[in-house]
$ cat entry_19.txt   # compact mmCIF, C-alpha atoms
# COMPACT_ATOMS: atom_id res chain seq x y z
CA MET A 1 201.07 212.97 128.21
CA LEU A 2 204.50 214.56 127.93
CA GLN A 3 207.27 213.96 125.39
CA GLY A 4 207.10 210.77 123.34
CA PRO A 5 209.41 209.06 120.86
CA HIS A 6 210.17 211.08 117.73
CA GLY A 7 207.35 210.51 115.27
CA PRO A 8 203.58 209.93 115.41
CA PHE A 9 203.32 207.14 118.02
CA PHE A 10 202.14 209.32 120.93
CA ARG A 11 199.63 211.13 118.73
CA GLN A 12 198.17 207.79 117.67
CA LEU A 13 198.16 206.64 121.29
CA CYS A 14 196.25 209.79 122.30
CA GLY A 15 193.67 209.10 119.61
CA MET A 16 193.13 205.51 120.72
CA LEU A 17 192.83 206.55 124.37
CA ARG A 18 190.15 209.08 123.41
CA LYS A 19 188.26 206.37 121.53
CA ALA A 20 188.38 204.32 124.74
CA GLY A 21 186.66 207.20 126.57
CA ALA A 22 189.63 208.97 128.16
CA GLU A 23 190.20 212.72 128.20
CA VAL A 24 193.78 213.28 127.04
CA TRP A 25 196.05 216.32 127.26
CA ARG A 26 199.51 216.55 125.72
CA VAL A 27 202.13 219.01 126.96
CA GLY A 28 204.83 220.05 124.48
CA PHE A 29 208.03 221.99 125.06
CA ASN A 30 209.11 222.84 121.50
CA ARG A 31 207.91 222.99 117.91
CA GLY A 32 208.87 219.34 117.28
CA ASP A 33 206.60 218.22 120.13
CA GLU A 34 203.80 220.41 118.77
CA VAL A 35 203.98 219.15 115.18
CA PHE A 36 203.94 215.49 116.19
CA ALA A 37 201.27 216.02 118.86
CA GLY A 38 198.54 217.54 116.70
CA ARG A 39 196.07 220.16 117.96
CA ASP A 40 193.61 218.13 120.03
CA GLY A 41 194.23 218.66 123.74
CA TYR A 42 197.63 220.26 123.15
CA ILE A 43 199.18 222.46 125.86
CA ALA A 44 202.24 224.48 124.88
CA TYR A 45 204.75 225.11 127.65
CA SER A 46 206.91 228.08 126.66
CA GLY A 47 208.08 229.13 130.10
CA LYS A 48 211.48 228.81 131.71
CA SER A 49 212.76 225.45 132.98
CA GLU A 50 212.80 226.67 136.59
CA ASP A 51 209.07 227.47 136.36
CA TRP A 52 208.09 224.05 135.03
CA PRO A 53 207.60 222.29 138.43
CA ALA A 54 204.96 224.80 139.54
CA THR A 55 203.25 224.83 136.14
CA CYS A 56 203.22 221.04 135.99
CA GLY A 57 201.47 220.86 139.36
CA GLU A 58 198.96 223.49 138.25
CA ILE A 59 198.10 221.46 135.12
CA PHE A 60 197.64 218.31 137.18
CA ASP A 61 195.28 220.07 139.57
CA ALA A 62 193.35 222.15 137.02
CA LYS A 63 192.71 219.25 134.65
CA GLY A 64 192.03 216.64 137.32
CA ILE A 65 194.79 214.44 135.91
CA THR A 66 194.71 210.77 136.96
CA ASP A 67 197.50 209.33 134.77
CA LEU A 68 200.83 210.57 133.44
CA VAL A 69 202.21 208.97 130.24
CA LEU A 70 205.73 209.64 128.98
CA TYR A 71 208.67 208.20 127.07
CA GLY A 72 211.65 207.68 129.36
CA ASP A 73 211.79 208.81 132.96
CA SER A 74 215.23 210.45 133.21
CA ARG A 75 215.05 213.72 131.26
CA PRO A 76 214.56 216.65 133.67
CA VAL A 77 211.04 217.70 132.61
CA HIS A 78 209.87 214.10 133.02
CA ALA A 79 211.58 213.50 136.35
CA THR A 80 209.96 216.69 137.69
CA ALA A 81 206.52 215.61 136.46
CA ILE A 82 206.92 212.13 137.95
CA ALA A 83 207.74 213.60 141.36
CA ALA A 84 204.67 215.85 141.21
CA ALA A 85 202.51 212.95 140.07
CA ARG A 86 203.60 210.76 142.96
CA ASP A 87 202.79 213.53 145.43
CA ARG A 88 199.21 213.51 144.08
CA GLY A 89 198.74 209.76 143.74
CA ILE A 90 198.73 209.98 139.93
CA SER A 91 199.63 206.78 138.07
CA VAL A 92 202.83 207.00 136.03
CA HIS A 93 203.12 205.08 132.74
CA VAL A 94 206.56 204.86 131.14
CA PHE A 95 207.33 203.77 127.59
CA GLU A 96 210.91 202.99 126.67
CA GLU A 97 212.88 201.25 123.95
CA GLY A 98 212.47 197.51 124.29
CA TYR A 99 214.59 195.63 126.78
CA LEU A 100 214.49 192.91 124.11
CA ARG A 101 214.67 195.32 121.16
CA PRO A 102 214.24 195.72 118.26
CA TYR A 103 210.96 193.84 117.87
CA TRP A 104 209.57 194.83 121.26
CA ALA A 105 208.94 198.09 123.13
CA THR A 106 208.88 198.45 126.92
CA TYR A 107 205.88 199.52 128.99
CA GLU A 108 206.16 199.83 132.79
CA ARG A 109 204.69 201.85 135.61
CA ASP A 110 206.56 204.22 137.92
CA GLY A 111 209.96 203.82 136.24
CA SER A 112 212.12 202.10 133.65
CA ASN A 113 215.72 200.91 133.27
CA GLY A 114 217.49 201.53 136.59
CA ASN A 115 214.20 202.72 138.13
CA SER A 116 212.26 199.64 137.05
CA ARG A 117 210.62 197.18 139.45
CA LEU A 118 212.78 194.54 137.77
CA MET A 119 215.86 195.90 139.55
CA SER A 120 214.72 194.54 142.91
CA MET A 121 212.66 191.59 141.72
CA PRO A 122 214.27 188.19 142.47
CA LEU A 123 214.25 185.45 139.87
CA ALA A 124 212.25 183.20 142.22
CA ALA A 125 209.34 185.67 142.13
CA MET A 126 209.42 185.67 138.33
CA ARG A 127 209.33 181.88 138.23
CA THR A 128 206.35 181.83 140.57
CA ALA A 129 204.43 184.20 138.28
CA LEU A 130 205.25 182.00 135.27
CA GLU A 131 203.92 178.76 136.71
CA ARG A 132 200.80 178.85 134.53
CA SER A 133 202.51 179.97 131.32
CA GLU A 134 203.78 177.74 128.51
CA MET A 135 204.72 180.46 126.01
CA GLU A 136 207.17 179.52 123.24
CA LEU A 137 210.10 181.92 123.28
CA PRO A 138 210.88 183.61 119.95
CA LYS A 139 214.48 183.76 118.75
CA ALA A 140 216.63 186.77 119.48
CA PRO A 141 216.20 189.16 116.52
CA ALA A 142 219.23 189.71 114.33
CA HIS A 143 218.83 193.37 113.42
CA TRP A 144 217.56 196.70 114.70
CA GLY A 145 214.22 196.88 112.92
CA ASP A 146 213.05 200.39 111.95
CA MET A 147 216.41 202.17 111.91
CA ARG A 148 215.77 204.34 108.84
CA GLU A 149 212.47 205.61 110.26
CA HIS A 150 214.13 206.23 113.63
CA VAL A 151 216.84 208.41 112.09
CA PHE A 152 214.38 210.17 109.74
CA TYR A 153 211.98 211.18 112.52
CA GLY A 154 214.89 212.33 114.67
CA ALA A 155 216.17 214.59 111.90
CA LEU A 156 212.67 215.93 111.17
CA TYR A 157 211.97 216.64 114.85
CA HIS A 158 215.19 218.61 115.28
CA PHE A 159 214.57 220.52 112.05
CA PHE A 160 211.24 221.76 113.42
CA VAL A 161 212.90 222.78 116.69
CA MET A 162 215.78 224.50 114.91
CA ALA A 163 213.81 226.34 112.23
CA MET A 164 210.35 226.98 113.69
CA ASN A 165 210.74 227.32 117.45
CA GLY A 166 209.82 231.00 117.86
CA ARG A 167 206.94 230.18 120.20
CA TYR A 168 209.29 228.34 122.57
CA ARG A 169 212.17 230.76 123.04
CA ASN A 170 212.92 229.45 126.54
CA PHE A 171 213.30 225.84 125.39
CA ARG A 172 216.60 224.18 126.28
CA PRO A 173 217.33 220.59 125.11
CA HIS A 174 217.95 217.97 127.79
CA ARG A 175 221.21 217.00 126.06
CA ASP A 176 224.45 218.99 125.93
CA LEU A 177 224.35 219.90 122.22
CA THR A 178 222.32 222.69 120.69
CA VAL A 179 219.29 221.85 118.56
CA ALA A 180 221.16 222.94 115.41
CA GLN A 181 224.02 220.60 116.26
CA GLU A 182 221.56 217.75 116.87
CA PHE A 183 219.91 218.39 113.51
CA ARG A 184 223.22 218.44 111.64
CA LEU A 185 224.27 215.18 113.27
CA HIS A 186 220.98 213.49 112.33
CA LEU A 187 221.20 214.80 108.77
CA ARG A 188 224.82 213.74 108.42
CA ARG A 189 223.89 210.29 109.72
CA LEU A 190 221.22 209.97 107.03
CA LEU A 191 223.53 211.14 104.24
CA MET A 192 226.48 209.00 105.33
CA MET A 193 224.52 205.75 105.63
CA PRO A 194 225.85 204.31 102.31
CA VAL A 195 229.48 205.10 103.24
CA HIS A 196 229.08 203.74 106.75
CA ARG A 197 227.50 200.59 105.33
CA LEU A 198 230.63 199.90 103.28
CA GLU A 199 232.93 200.61 106.23
CA ARG A 200 230.84 198.33 108.43
CA TRP A 201 230.88 195.51 105.87
CA ALA A 202 234.68 195.63 105.59
CA ALA A 203 235.27 195.81 109.35
CA THR A 204 232.81 192.98 110.04
CA ALA A 205 234.41 190.80 107.37
CA ARG A 206 237.85 191.28 108.93
CA VAL A 207 236.53 190.02 112.23
CA ARG A 208 234.33 187.19 110.97
CA PHE A 209 236.95 185.75 108.64
CA GLY A 210 240.03 186.57 110.70
CA GLY A 211 240.23 183.16 112.35
CA PHE A 212 241.01 184.54 115.82
CA PRO A 213 239.05 184.31 119.11
CA TYR A 214 237.54 187.67 120.05
CA HIS A 215 235.65 189.46 122.81
CA LEU A 216 232.92 191.94 121.94
CA VAL A 217 232.42 195.34 123.58
CA LEU A 218 228.85 196.66 123.19
CA MET A 219 229.16 200.42 123.12
CA GLN A 220 226.39 202.87 123.92
CA LEU A 221 225.56 206.46 123.16
CA GLU A 222 227.29 208.73 125.65
CA HIS A 223 224.15 210.89 125.86
CA ASP A 224 221.83 207.90 126.37
CA ALA A 225 219.71 208.11 129.52
CA SER A 226 220.70 204.62 130.70
CA PHE A 227 224.40 205.40 130.39
CA ARG A 228 224.17 208.79 132.10
CA ALA A 229 221.64 208.03 134.84
CA HIS A 230 222.40 204.39 135.62
CA SER A 231 226.17 204.05 135.46
CA ASP A 232 229.16 205.57 137.23
CA PHE A 233 231.02 206.48 134.03
CA ALA A 234 231.47 210.14 133.17
CA SER A 235 232.09 209.40 129.49
CA MET A 236 232.36 206.58 126.96
CA THR A 237 236.09 207.30 126.88
CA ASP A 238 236.35 206.10 130.49
CA PHE A 239 234.58 202.86 129.58
CA VAL A 240 236.77 202.29 126.51
CA THR A 241 239.91 202.81 128.58
CA LEU A 242 238.69 200.35 131.24
CA CYS A 243 237.99 197.69 128.62
CA LEU A 244 241.34 198.06 126.88
CA ASP A 245 243.27 198.10 130.16
CA GLY A 246 241.51 194.88 131.22
CA PHE A 247 242.05 193.28 127.83
CA ALA A 248 245.76 194.12 127.75
CA ALA A 249 246.24 192.80 131.28
CA GLY A 250 244.23 189.58 131.11
CA ALA A 251 243.35 188.35 127.62
CA PRO A 252 245.44 185.59 126.02
CA ARG A 253 247.87 187.02 123.47
CA HIS A 254 246.12 185.44 120.50
CA HIS A 255 242.71 186.92 121.45
CA HIS A 256 241.29 190.08 119.87
CA ILE A 257 238.76 192.65 121.09
CA VAL A 258 236.01 194.16 118.93
CA PHE A 259 234.31 197.45 119.81
CA LYS A 260 230.87 197.61 118.21
CA ALA A 261 229.40 201.11 118.07
CA HIS A 262 225.75 201.76 118.82
CA PRO A 263 223.62 201.76 115.63
CA LEU A 264 222.75 205.44 116.22
CA GLU A 265 226.32 206.59 116.91
CA ASP A 266 226.59 209.92 115.10
CA GLY A 267 230.13 211.08 115.76
CA ARG A 268 229.44 213.54 118.56
CA THR A 269 232.07 211.72 120.63
CA ALA A 270 235.39 210.61 119.14
CA VAL A 271 235.07 206.96 120.13
CA ALA A 272 236.98 205.56 117.13
CA SER A 273 240.05 207.74 117.71
CA THR A 274 239.93 207.06 121.46
CA ILE A 275 239.98 203.31 120.81
CA ARG A 276 242.84 203.64 118.30
CA ASP A 277 245.00 205.90 120.50
CA THR A 278 244.48 203.87 123.68
CA ALA A 279 245.21 200.59 121.89
CA ARG A 280 248.49 202.00 120.58
CA ARG A 281 249.48 203.22 124.03
CA LEU A 282 248.89 199.73 125.46
CA GLY A 283 250.67 197.96 122.62
CA VAL A 284 247.62 195.96 121.46
CA ALA A 285 246.63 197.93 118.34
CA ASP A 286 247.01 194.88 116.08
CA ARG A 287 244.36 193.03 118.13
CA VAL A 288 241.75 195.80 118.39
CA HIS A 289 238.86 196.36 115.96
CA PHE A 290 236.09 198.95 115.61
CA VAL A 291 232.78 198.21 113.85
CA ARG A 292 230.36 201.04 113.17
CA GLY A 293 226.88 199.70 114.03
CA GLY A 294 225.33 196.95 111.91
CA LYS A 295 223.83 193.59 112.78
CA LEU A 296 224.88 192.44 116.20
CA ALA A 297 224.07 188.77 115.58
CA ARG A 298 226.81 188.38 112.98
CA LEU A 299 229.43 189.38 115.52
CA LEU A 300 227.87 187.66 118.52
CA ASP A 301 227.72 184.30 116.79
CA GLY A 302 231.52 184.06 116.83
CA ALA A 303 232.33 185.91 120.06
CA ARG A 304 233.84 184.36 123.19
CA SER A 305 232.29 186.92 125.57
CA ALA A 306 230.86 190.43 125.70
CA VAL A 307 231.30 193.53 127.86
CA THR A 308 228.93 196.47 128.22
CA VAL A 309 227.89 199.24 130.58
CA ASN A 310 224.17 198.44 130.61
CA SER A 311 223.17 198.14 126.95
CA THR A 312 219.94 196.29 126.21
CA ALA A 313 222.02 194.36 123.65
CA GLY A 314 223.30 192.42 126.66
CA GLN A 315 220.05 190.47 126.42
CA GLN A 316 221.12 189.03 123.06
CA VAL A 317 224.43 188.01 124.59
CA LEU A 318 222.73 186.12 127.38
CA TRP A 319 220.19 184.52 125.03
CA ARG A 320 223.13 182.89 123.23
CA GLY A 321 224.63 181.65 126.48
CA LEU A 322 227.73 183.84 126.18
CA PRO A 323 229.55 185.25 129.23
CA LEU A 324 228.61 188.88 129.93
CA ARG A 325 230.27 191.51 132.09
CA ALA A 326 228.09 194.59 132.75
CA PHE A 327 229.32 197.67 134.64
CA GLY A 328 226.14 199.73 134.94
CA ARG A 329 222.78 199.17 136.55
CA ALA A 330 220.65 197.12 134.16
CA VAL A 331 217.35 195.28 134.47
CA TYR A 332 219.14 192.05 133.48
CA GLY A 333 221.92 192.55 136.03
CA LYS A 334 221.12 189.40 137.99
CA SER A 335 223.90 187.41 139.66
CA GLU A 336 222.55 184.22 138.09
CA PHE A 337 223.67 185.25 134.63
CA VAL A 338 225.91 188.34 134.70
CA SER A 339 229.55 187.94 135.73
CA SER A 340 231.09 190.05 138.48
CA GLN A 341 234.70 189.03 137.74
CA PRO A 342 237.44 191.67 137.58
CA LEU A 343 237.86 192.52 133.90
CA PRO A 344 241.35 190.98 133.42
CA ASP A 345 240.04 187.72 134.94
CA PHE A 346 236.93 187.91 132.77
CA PHE A 347 238.96 188.21 129.58
CA ALA A 348 241.23 185.36 130.71
CA ALA A 349 238.45 182.91 131.68
CA PRO A 350 234.92 184.38 131.50
CA ARG A 351 232.18 182.78 133.61
CA ARG A 352 229.23 181.51 131.59
CA PRO A 353 225.66 182.47 132.58
CA ASP A 354 223.06 180.12 134.02
CA GLN A 355 221.14 179.86 130.78
CA ARG A 356 218.10 178.18 132.32
CA ALA A 357 217.80 181.11 134.70
CA TYR A 358 218.08 183.58 131.83
CA ARG A 359 215.44 181.77 129.77
CA ASP A 360 213.04 182.11 132.69
CA TYR A 361 213.89 185.79 133.00
CA ARG A 362 213.40 186.42 129.29
CA HIS A 363 210.14 184.49 129.36
CA TYR A 364 208.95 186.73 132.20
CA LEU A 365 209.74 189.90 130.26
CA LEU A 366 207.88 188.68 127.19
CA GLU A 367 204.82 187.96 129.31
CA THR A 368 204.87 191.34 131.06
CA SER A 369 206.62 194.57 130.05
CA GLN A 370 207.67 193.76 126.47
CA ILE A 371 205.07 194.62 123.84
CA PRO A 372 205.57 193.37 120.27
CA GLY A 373 206.15 196.26 117.87
CA GLY A 374 208.12 199.49 117.65
CA PHE A 375 207.72 203.27 117.84
CA TYR A 376 208.96 204.37 114.43
CA SER A 377 207.72 202.22 111.54
CA ALA A 378 204.03 202.07 110.63
CA ARG A 379 204.06 198.29 110.99
CA GLY A 380 205.70 198.45 114.41
CA ARG A 381 203.19 201.04 115.65
CA ARG A 382 200.27 198.86 114.51
CA TYR A 383 201.58 196.02 116.65
CA LEU A 384 202.06 198.30 119.65
CA MET A 385 198.63 199.87 119.46
CA ARG A 386 196.93 196.47 119.72
CA GLN A 387 198.03 196.16 123.33
CA ALA A 388 199.44 199.46 124.62
CA VAL A 389 196.11 201.21 125.31
CA ASP A 390 194.60 198.26 127.19
CA MET A 391 197.76 198.01 129.30
CA ILE A 392 197.55 201.71 130.22
CA LEU A 393 193.88 201.40 131.15
CA ALA A 394 194.32 198.17 133.14
CA ALA A 395 194.01 198.37 136.92
CA GLU A 396 197.28 196.46 137.45
CA ASP A 397 200.73 196.98 136.02
CA PRO A 398 202.00 194.18 133.73
CA TYR A 399 203.98 192.46 136.48
CA ASP A 400 201.07 192.24 138.91
CA ALA A 401 198.66 191.33 136.09
CA LEU A 402 200.67 188.20 135.26
CA LEU A 403 200.73 187.10 138.89
CA SER A 404 196.97 187.59 139.28
CA GLY A 405 196.19 185.82 136.01
CA LYS A 406 194.77 188.95 134.32
CA ALA A 407 197.56 189.56 131.79
CA ALA A 408 196.36 189.62 128.18
CA PRO A 409 197.70 186.92 125.81
CA ARG A 410 200.73 188.14 123.88
CA GLN A 411 201.06 188.32 120.12
CA GLN A 412 203.85 186.32 118.57
CA LEU A 413 205.93 188.61 116.36
CA VAL A 414 208.03 186.78 113.81
CA ALA A 415 211.55 188.17 113.50
CA VAL A 416 212.48 188.39 109.83
CA GLU A 417 216.20 187.87 109.24
$ encode --input "entry_19.txt" --output "structure tokens"
Amino acid sequence: MLQGPHGPFFRQLCGMLRKAGAEVWRVGFNRGDEVFAGRDGYIAYSGKSEDWPATCGEIFDAKGITDLVLYGDSRPVHATAIAAARDRGISVHVFEEGYLRPYWATYERDGSNGNSRLMSMPLAAMRTALERSEMELPKAPAHWGDMREHVFYGALYHFFVMAMNGRYRNFRPHRDLTVAQEFRLHLRRLLMMPVHRLERWAATARVRFGGFPYHLVLMQLEHDASFRAHSDFASMTDFVTLCLDGFAAGAPRHHHIVFKAHPLEDGRTAVASTIRDTARRLGVADRVHFVRGGKLARLLDGARSAVTVNSTAGQQVLWRGLPLRAFGRAVYGKSEFVSSQPLPDFFAAPRRPDQRAYRDYRHYLLETSQIPGGFYSARGRRYLMRQAVDMILAAEDPYDALLSGKAAPRQQLVAVE
């Protein structure tokens, strides 16, 4: 096992795998990894990044590794390990934030997001696999879930790396900021939550009670792996500019546009000022709004359409039958329900999705790669642990298991509004 989500989930997963009879080793690259990993089977890597490929291969060979488990497949140390694992015929298990978050987490083999098997899987194949299933689809959840725990564990992790990392002097974060900068951003996010809540309430109220038609832009974190690895944008500024140019050129004059920031947006990029300055330049400032995080459902319920790069929040858009324009590579980027219109045309007359097709797609995800639960809250981890270990130990990945009739029945997780 390599790096997991911030917090104790991977340590608990290691413990359950050992109870199942597996021998488990955990490689850590900094003090945060070490603290959350515990001592059993822990391997500290304190070497230089350029030496990691050779060391990774040596660990695989010396320990007789059969399976590699990690969170996300895009960060450099993980991509290197995946390549070495494939050369040796080692199974790769990837956990990721839920494609249908917040009440689900994703488990796949070989790759996730733009590297997922879903990218090349036609809808007809999904429908064939579902022929024996009559699962009732739960409603799209209205809020993030374990946000406070997510932010808390992120701040704690970066504190350990910043203050106690003497053993790992060669460690370099996979993001552009220093560890100290990451910690300060996480801490500031925690401290500013009450202020941001008030700002969000006021901005949301202006949109919900404004009486105007509006289009919603689902923003992402500029440092997010999906944005960086599976889109052609160099920055969120480029995406904001594209959206505002398309809106100014094509949207009816009485329509507005609402930019909704990612719930974990921490101010490392000046998205709010970029939106404000670009809107003024285009002469549409009176029709442009910015909402800092919050519940997506409240804004979606009144929206005419939505635009994103490849945010998983696009799934909630499609669940409601709203038109969606996506510019990055996303697992839901199927022609049956995602528009390919030029953006001015989309804002003028957006094409609605084939909602029957999307319901089948969503049904397929819930029967395969989406596990009820979450990484950060104790309750969410309890749900995950009930199925995650058996899925890792299964001979088939979740997609093949459904087709062969060997997929385990899924828990129904009730979304509390």
$ atom_distance --input "entry_19.txt" --atom1 "CA of Met219 (chain A)" --atom2 "CA of Gly111 (chain A)"
23.5 Å
$ closest_residue --input "entry_19.txt" --among "A:Asn170, A:Asn115, A:Gln387, A:Ser339" --to "Ile371 (chain A)" --atoms "all atoms listed in the file"
A:Gln387
$ atom_distance --input "entry_19.txt" --atom1 "CA of Val27 (chain A)" --atom2 "CA of Gly41 (chain A)"
8.5 Å
$ residues_around --input "entry_19.txt" --residues "Val217 (chain A)" --least-positions-apart "4" --cutoff "7 Å" --atoms "only C-alpha atoms" --output "list in words"
Val258, Phe259, Lys260, Ala306, Val307 and Thr308 of chain A
$ closest_residue --input "entry_19.txt" --among "A:Lys295, A:His230, A:Arg320, A:Lys48" --to "Gly333 (chain A)" --atoms "only C-alpha atoms"
A:His230
$ closest_residue --input "entry_19.txt" --among "A:Trp52, A:Tyr399, A:Tyr99, A:Phe160" --to "Gly314 (chain A)" --atoms "only C-alpha atoms"
A:Tyr99
$ residues_near_point --input "entry_19.txt" --point "(198.7, 214.6, 145.9)" --cutoff "12 Å" --atoms "all atoms listed in the file" --output "list of chain:residue names"
A:Gly57, A:Glu58, A:Phe60, A:Asp61, A:Gly64, A:Ile65, A:Thr66, A:Ile82, A:Ala83, A:Ala84, A:Ala85, A:Arg86, A:Asp87, A:Arg88, A:Gly89, A:Ile90, A:Ser91
$ write_last_selection --input "entry_19.txt" --atoms "C-alpha atoms" --output "CSV table (one decimal), in the frame of the given file"
chain,number,residue,atom,x,y,z
A,57,GLY,CA,201.5,220.9,139.4
A,58,GLU,CA,199.0,223.5,138.2
A,60,PHE,CA,197.6,218.3,137.2
A,61,ASP,CA,195.3,220.1,139.6
A,64,GLY,CA,192.0,216.6,137.3
A,65,ILE,CA,194.8,214.4,135.9
A,66,THR,CA,194.7,210.8,137.0
A,82,ILE,CA,206.9,212.1,138.0
A,83,ALA,CA,207.7,213.6,141.4
A,84,ALA,CA,204.7,215.8,141.2
A,85,ALA,CA,202.5,213.0,140.1
A,86,ARG,CA,203.6,210.8,143.0
A,87,ASP,CA,202.8,213.5,145.4
A,88,ARG,CA,199.2,213.5,144.1
A,89,GLY,CA,198.7,209.8,143.7
A,90,ILE,CA,198.7,210.0,139.9
A,91,SER,CA,199.6,206.8,138.1
$ residues_around --input "entry_19.txt" --residues "Thr278 (chain A)" --least-positions-apart "5" --cutoff "12 Å" --atoms "all atoms listed in the file" --output "ChimeraX atom specification"
/A:237-245,247-248,271-273,283-285,288
$ residues_around --input "entry_19.txt" --residues "Leu198 (chain A)" --least-positions-apart "6" --cutoff "12 Å" --atoms "all atoms listed in the file" --output "compact mmCIF listing (two decimals) with C-alpha atoms, in the coordinates of the input"
# COMPACT_ATOMS: atom_id res chain seq x y z
CA MET A 192 226.48 209.00 105.33
CA THR A 204 232.81 192.98 110.04
CA ALA A 205 234.41 190.80 107.37
CA VAL A 291 232.78 198.21 113.85
CA ARG A 292 230.36 201.04 113.17
CA GLY A 293 226.88 199.70 114.03
CA GLY A 294 225.33 196.95 111.91
$ closest_residue --input "entry_19.txt" --among "A:Leu324, A:Arg280, A:Ala330, A:Arg169" --to "Pro353 (chain A)" --atoms "all atoms listed in the file"
A:Leu324
$ atom_distance --input "entry_19.txt" --atom1 "CA of Leu17 (chain A)" --atom2 "CA of Ala37 (chain A)"
13.8 Å
$ closest_residue --input "entry_19.txt" --among "A:Arg362, A:Arg356, A:His289, A:Arg379" --to "Ala203 (chain A)" --atoms "all atoms listed in the file"
A:His289
$ closest_residue --input "entry_19.txt" --among "A:Leu123, A:Met162, A:Val24, A:Ala297" --to "Ala357 (chain A)" --atoms "all atoms listed in the file"
A:Leu123
